[in-house]
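The structure under discussion appears below in the form of structure tokens.
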Amino acid sequence: IKSWGKYVPWPVVQLLLRDDAEAIIDVQEKEVSIYFSDIASFTTIVEGLPPEKSLLLLSRYFHDMSKIIDEFGGIVLEFIGDAIMSIYGAPVRNPDHATAAVTAAVRMLASLKAMNQFFSARTLPEVAIRCGVHTGPVLVGNMGFSSRMKYGAVGEHSNVPSHLEESNKNYETEMLISESTYKRLTPESFITRPVDVMTLVAGAAPEQIYQVMEKNTKDPNYNKRKRAAATHTEAMALYLEQDFAKAADQFDVAGAQFTEITGQADLPSSMLSKRCRSYAEKAPPPDWQGLWDRAEK
């Protein structure tokens, strides 16, 4: 029985055993939070490694990340190359699945420090990851055919986390979440800031996407980081209100605050400041909802 859990998510095995049920094709629509992550530049990393070294790196990576997912009540749906897709809120119900998913993701990012120490000690390259979390309705359950099935999730919303993961490249961030996830988070659990407005699901209204940063009160820069995120959030509100001159100035302040913390230029604030100045020169259309509709300069 324990071996089943190595192929099938363990909560699914437990449900089958509890109900003495046979696995059948069955999906239901549920609101869940889905996580997707990828190792940055993984193809380049493995090109220079022998197969056994690549296996060691991935095995340790998947082990540590899966352990954190389990700890916060999620289940791994798939390992896709170096990518991980996991789900929170099904099959075991959890009304706080959004907070669980984001907390786990923050913990996974923090775990990279110890993991990379392990890799360095074995002459393996260090890794960095990008991830995305989205909350929405999907069809979740057993899918496939009578003799071969898997537990999974399908639907438009199931593709959003991978889109968010990929979008991190545009903002030099590590983690992005959708507005629907943001609105379901336990208040004050994380440091967040909106970094853009995007259409994540075809036909749906545009929504803000948010960078998530760990709320570590022991971090000497904790108060500065929190203040910089608040400044940036205020600037985004001005941007959406089309008060572009004030928004640009506020984004500049936020950028300077983040640069003081990191020692590097802050891409989201500088990008949005440039957009403000573009819109100040030539106003957006009357039905503008925050989507950038011009070429980046």
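Going by the structure tokens order, chains are called A, B, ..., each with residues numbered from 1, while ligands are numbered from 1 in the order shown.
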Can you list every residue of region 175-278 of chain A that has an atom at most 8 Å from region 94-116 of chain A, with its nearest atom pair and the distance in Å to one decimal, using only C-alpha atoms, ordered by chain then number, as JSON lines?
{"residue": "A:Thr181", "atom": "CA", "partner": "A:Ala98", "partner_atom": "CA", "distance": 5.8}
{"residue": "A:Tyr182", "atom": "CA", "partner": "A:Ala98", "partner_atom": "CA", "distance": 7.9}
{"residue": "A:Arg184", "atom": "CA", "partner": "A:Ala98", "partner_atom": "CA", "distance": 6.0}
{"residue": "A:Leu185", "atom": "CA", "partner": "A:Thr99", "partner_atom": "CA", "distance": 4.9}
{"residue": "A:Thr186", "atom": "CA", "partner": "A:Thr99", "partner_atom": "CA", "distance": 6.2}
{"residue": "A:Val212", "atom": "CA", "partner": "A:Val106", "partner_atom": "CA", "distance": 7.9}
{"residue": "A:Met213", "atom": "CA", "partner": "A:Val106", "partner_atom": "CA", "distance": 7.4}
{"residue": "A:Glu214", "atom": "CA", "partner": "A:Val106", "partner_atom": "CA", "distance": 6.1}
Env of region 171-175 of chain A: 6 Å cut, atoms = only C-alpha atoms, seq-sep filter 4 positions within chain, self excluded. Answer as a list in words.
Arg130, Cys131, Gly132, Gln211, Val212, Leu267 and Pro268 of chain A
Please produce an output containing N, CA, C and O atoms for each residue in the selection, written as an mmCIF file, in the first residue's frame.
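Result written to part-v6.cif:
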data_model
loop_
_atom_site.group_PDB
_atom_site.id
_atom_site.type_symbol
_atom_site.label_atom_id
_atom_site.label_comp_id
_atom_site.auth_asym_id
_atom_site.auth_seq_id
_atom_site.Cartn_x
_atom_site.Cartn_y
_atom_site.Cartn_z
ATOM 1 N N ARG A 130 11.699 29.867 -10.299
ATOM 2 C CA ARG A 130 10.615 30.833 -10.467
ATOM 3 C C ARG A 130 9.310 30.074 -10.236
ATOM 4 O O ARG A 130 9.196 28.902 -10.606
ATOM 5 N N CYS A 131 8.321 30.743 -9.653
ATOM 6 C CA CYS A 131 7.073 30.032 -9.392
ATOM 7 C C CYS A 131 5.873 30.962 -9.521
ATOM 8 O O CYS A 131 5.999 32.192 -9.465
ATOM 9 N N GLY A 132 4.698 30.338 -9.705
ATOM 10 C CA GLY A 132 3.443 31.064 -9.806
ATOM 11 C C GLY A 132 2.352 30.320 -9.060
ATOM 12 O O GLY A 132 2.353 29.087 -9.019
ATOM 13 N N GLN A 211 3.821 40.343 -6.688
ATOM 14 C CA GLN A 211 5.042 39.719 -6.206
ATOM 15 C C GLN A 211 4.861 39.425 -4.721
ATOM 16 O O GLN A 211 4.318 40.243 -3.971
ATOM 17 N N VAL A 212 5.311 38.264 -4.302
ATOM 18 C CA VAL A 212 5.240 37.888 -2.887
ATOM 19 C C VAL A 212 6.648 37.795 -2.335
ATOM 20 O O VAL A 212 7.524 37.174 -2.945
ATOM 21 N N LEU A 267 13.313 46.605 -11.205
ATOM 22 C CA LEU A 267 12.675 46.616 -12.523
ATOM 23 C C LEU A 267 11.185 46.948 -12.481
ATOM 24 O O LEU A 267 10.723 47.787 -13.267
ATOM 25 N N PRO A 268 10.364 46.338 -11.613
ATOM 26 C CA PRO A 268 8.923 46.643 -11.647
ATOM 27 C C PRO A 268 8.613 48.126 -11.471
ATOM 28 O O PRO A 268 7.790 48.688 -12.200
#
From region 49-258 of chain A, collect each residue whose DSSP state is alpha helix (DSSP H) and return the set as number ranges by chain.
A: 51-71, 97-121, 160-171, 179-182, 222-240, 244-258
Figure out the distance between CA of Ser270 (chain A) and CA of Phe258 (chain A), please, to one decimal in Å.
10.9 Å
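In the backbone-derived DSSP annotation, strand (DSSP E) within region 15-131 of chain A comprises Asp26, Val27, Gln28, Glu29, Lys30, Glu31, Val32, Ser33, Ile34, Tyr35, Phe36, Ser37, Asp38, Ile39, Ile75, Val76, Leu77, Glu78, Phe79, Ile80, Ala83, Ile84, Met85, Ser86, Ile87, Tyr88, Ile129, Arg130 and Cys131 of chain A.
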Which neighbours of Asp266 (chain A) fall inside 12 Å, counting only C-alpha atoms, when residues of the same chain fewer than 2 positions from it are skipped, and could you give them as a PyMOL selection string?
chain A and resi 170-173+195+228-229+232+251-264+268-273
Export of prior selection with N, CA and C atoms as a PDB file, in the first residue's frame:
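Output contents, as saved in result.pdb:
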ATOM      1  N   ASN A 170       9.893  38.710 -16.813  1.00  0.00           N
ATOM      2  CA  ASN A 170       9.650  40.085 -17.255  1.00  0.00           C
ATOM      3  C   ASN A 170       9.880  41.107 -16.149  1.00  0.00           C
ATOM      4  N   TYR A 171       9.869  40.650 -14.894  1.00  0.00           N
ATOM      5  CA  TYR A 171       9.949  41.585 -13.765  1.00  0.00           C
ATOM      6  C   TYR A 171      11.140  41.306 -12.853  1.00  0.00           C
ATOM      7  N   GLU A 172      11.948  40.301 -13.207  1.00  0.00           N
ATOM      8  CA  GLU A 172      13.096  39.889 -12.394  1.00  0.00           C
ATOM      9  C   GLU A 172      12.644  39.525 -10.981  1.00  0.00           C
ATOM     10  N   THR A 173      11.523  38.809 -10.907  1.00  0.00           N
ATOM     11  CA  THR A 173      10.985  38.342  -9.639  1.00  0.00           C
ATOM     12  C   THR A 173      11.118  36.828  -9.558  1.00  0.00           C
ATOM     13  N   VAL A 195       2.628  44.199  -9.420  1.00  0.00           N
ATOM     14  CA  VAL A 195       3.678  44.576 -10.374  1.00  0.00           C
ATOM     15  C   VAL A 195       3.163  44.803 -11.781  1.00  0.00           C
ATOM     16  N   ALA A 228       8.734  49.821   1.469  1.00  0.00           N
ATOM     17  CA  ALA A 228       8.916  49.945   0.018  1.00  0.00           C
ATOM     18  C   ALA A 228       7.751  49.301  -0.729  1.00  0.00           C
ATOM     19  N   ALA A 229       7.296  48.133  -0.258  1.00  0.00           N
ATOM     20  CA  ALA A 229       6.157  47.467  -0.896  1.00  0.00           C
ATOM     21  C   ALA A 229       4.892  48.301  -0.763  1.00  0.00           C
ATOM     22  N   HIS A 232       5.079  51.185  -3.216  1.00  0.00           N
ATOM     23  CA  HIS A 232       4.811  50.694  -4.570  1.00  0.00           C
ATOM     24  C   HIS A 232       3.316  50.427  -4.758  1.00  0.00           C
ATOM     25  N   PHE A 251       6.384  55.717  -7.830  1.00  0.00           N
ATOM     26  CA  PHE A 251       7.138  54.543  -8.276  1.00  0.00           C
ATOM     27  C   PHE A 251       8.644  54.799  -8.164  1.00  0.00           C
ATOM     28  N   ASP A 252       9.060  56.021  -8.457  1.00  0.00           N
ATOM     29  CA  ASP A 252      10.482  56.356  -8.332  1.00  0.00           C
ATOM     30  C   ASP A 252      10.946  56.234  -6.880  1.00  0.00           C
ATOM     31  N   VAL A 253      10.099  56.678  -5.957  1.00  0.00           N
ATOM     32  CA  VAL A 253      10.428  56.569  -4.529  1.00  0.00           C
ATOM     33  C   VAL A 253      10.534  55.096  -4.132  1.00  0.00           C
ATOM     34  N   ALA A 254       9.557  54.307  -4.588  1.00  0.00           N
ATOM     35  CA  ALA A 254       9.569  52.873  -4.276  1.00  0.00           C
ATOM     36  C   ALA A 254      10.824  52.204  -4.839  1.00  0.00           C
ATOM     37  N   GLY A 255      11.185  52.564  -6.053  1.00  0.00           N
ATOM     38  CA  GLY A 255      12.375  51.988  -6.667  1.00  0.00           C
ATOM     39  C   GLY A 255      13.625  52.302  -5.869  1.00  0.00           C
ATOM     40  N   ALA A 256      13.737  53.552  -5.407  1.00  0.00           N
ATOM     41  CA  ALA A 256      14.895  53.941  -4.605  1.00  0.00           C
ATOM     42  C   ALA A 256      14.921  53.165  -3.283  1.00  0.00           C
ATOM     43  N   GLN A 257      13.745  52.939  -2.703  1.00  0.00           N
ATOM     44  CA  GLN A 257      13.674  52.189  -1.449  1.00  0.00           C
ATOM     45  C   GLN A 257      14.112  50.737  -1.640  1.00  0.00           C
ATOM     46  N   PHE A 258      13.653  50.107  -2.718  1.00  0.00           N
ATOM     47  CA  PHE A 258      14.061  48.726  -2.976  1.00  0.00           C
ATOM     48  C   PHE A 258      15.552  48.644  -3.316  1.00  0.00           C
ATOM     49  N   THR A 259      16.059  49.618  -4.051  1.00  0.00           N
ATOM     50  CA  THR A 259      17.483  49.623  -4.402  1.00  0.00           C
ATOM     51  C   THR A 259      18.351  49.755  -3.153  1.00  0.00           C
ATOM     52  N   GLU A 260      17.892  50.530  -2.182  1.00  0.00           N
ATOM     53  CA  GLU A 260      18.622  50.673  -0.922  1.00  0.00           C
ATOM     54  C   GLU A 260      18.738  49.321  -0.211  1.00  0.00           C
ATOM     55  N   ILE A 261      17.711  48.486  -0.358  1.00  0.00           N
ATOM     56  CA  ILE A 261      17.697  47.176   0.305  1.00  0.00           C
ATOM     57  C   ILE A 261      18.548  46.166  -0.446  1.00  0.00           C
ATOM     58  N   THR A 262      18.362  46.115  -1.774  1.00  0.00           N
ATOM     59  CA  THR A 262      18.984  45.053  -2.572  1.00  0.00           C
ATOM     60  C   THR A 262      20.317  45.447  -3.200  1.00  0.00           C
ATOM     61  N   GLY A 263      20.557  46.745  -3.348  1.00  0.00           N
ATOM     62  CA  GLY A 263      21.753  47.210  -4.032  1.00  0.00           C
ATOM     63  C   GLY A 263      21.654  47.105  -5.535  1.00  0.00           C
ATOM     64  N   GLN A 264      20.439  46.802  -6.044  1.00  0.00           N
ATOM     65  CA  GLN A 264      20.224  46.649  -7.480  1.00  0.00           C
ATOM     66  C   GLN A 264      19.020  47.484  -7.921  1.00  0.00           C
ATOM     67  N   PRO A 268      10.364  46.338 -11.613  1.00  0.00           N
ATOM     68  CA  PRO A 268       8.923  46.643 -11.647  1.00  0.00           C
ATOM     69  C   PRO A 268       8.613  48.126 -11.471  1.00  0.00           C
ATOM     70  N   SER A 269       9.262  48.778 -10.514  1.00  0.00           N
ATOM     71  CA  SER A 269       8.963  50.188 -10.273  1.00  0.00           C
ATOM     72  C   SER A 269       9.458  51.074 -11.417  1.00  0.00           C
ATOM     73  N   SER A 270      10.649  50.776 -11.960  1.00  0.00           N
ATOM     74  CA  SER A 270      11.158  51.609 -13.061  1.00  0.00           C
ATOM     75  C   SER A 270      10.320  51.405 -14.322  1.00  0.00           C
ATOM     76  N   MET A 271       9.884  50.179 -14.563  1.00  0.00           N
ATOM     77  CA  MET A 271       9.042  49.885 -15.721  1.00  0.00           C
ATOM     78  C   MET A 271       7.717  50.637 -15.631  1.00  0.00           C
ATOM     79  N   LEU A 272       7.095  50.607 -14.452  1.00  0.00           N
ATOM     80  CA  LEU A 272       5.799  51.272 -14.275  1.00  0.00           C
ATOM     81  C   LEU A 272       5.948  52.796 -14.286  1.00  0.00           C
ATOM     82  N   SER A 273       7.073  53.297 -13.805  1.00  0.00           N
ATOM     83  CA  SER A 273       7.317  54.737 -13.862  1.00  0.00           C
ATOM     84  C   SER A 273       7.401  55.209 -15.317  1.00  0.00           C
TER      85      SER A 273
END
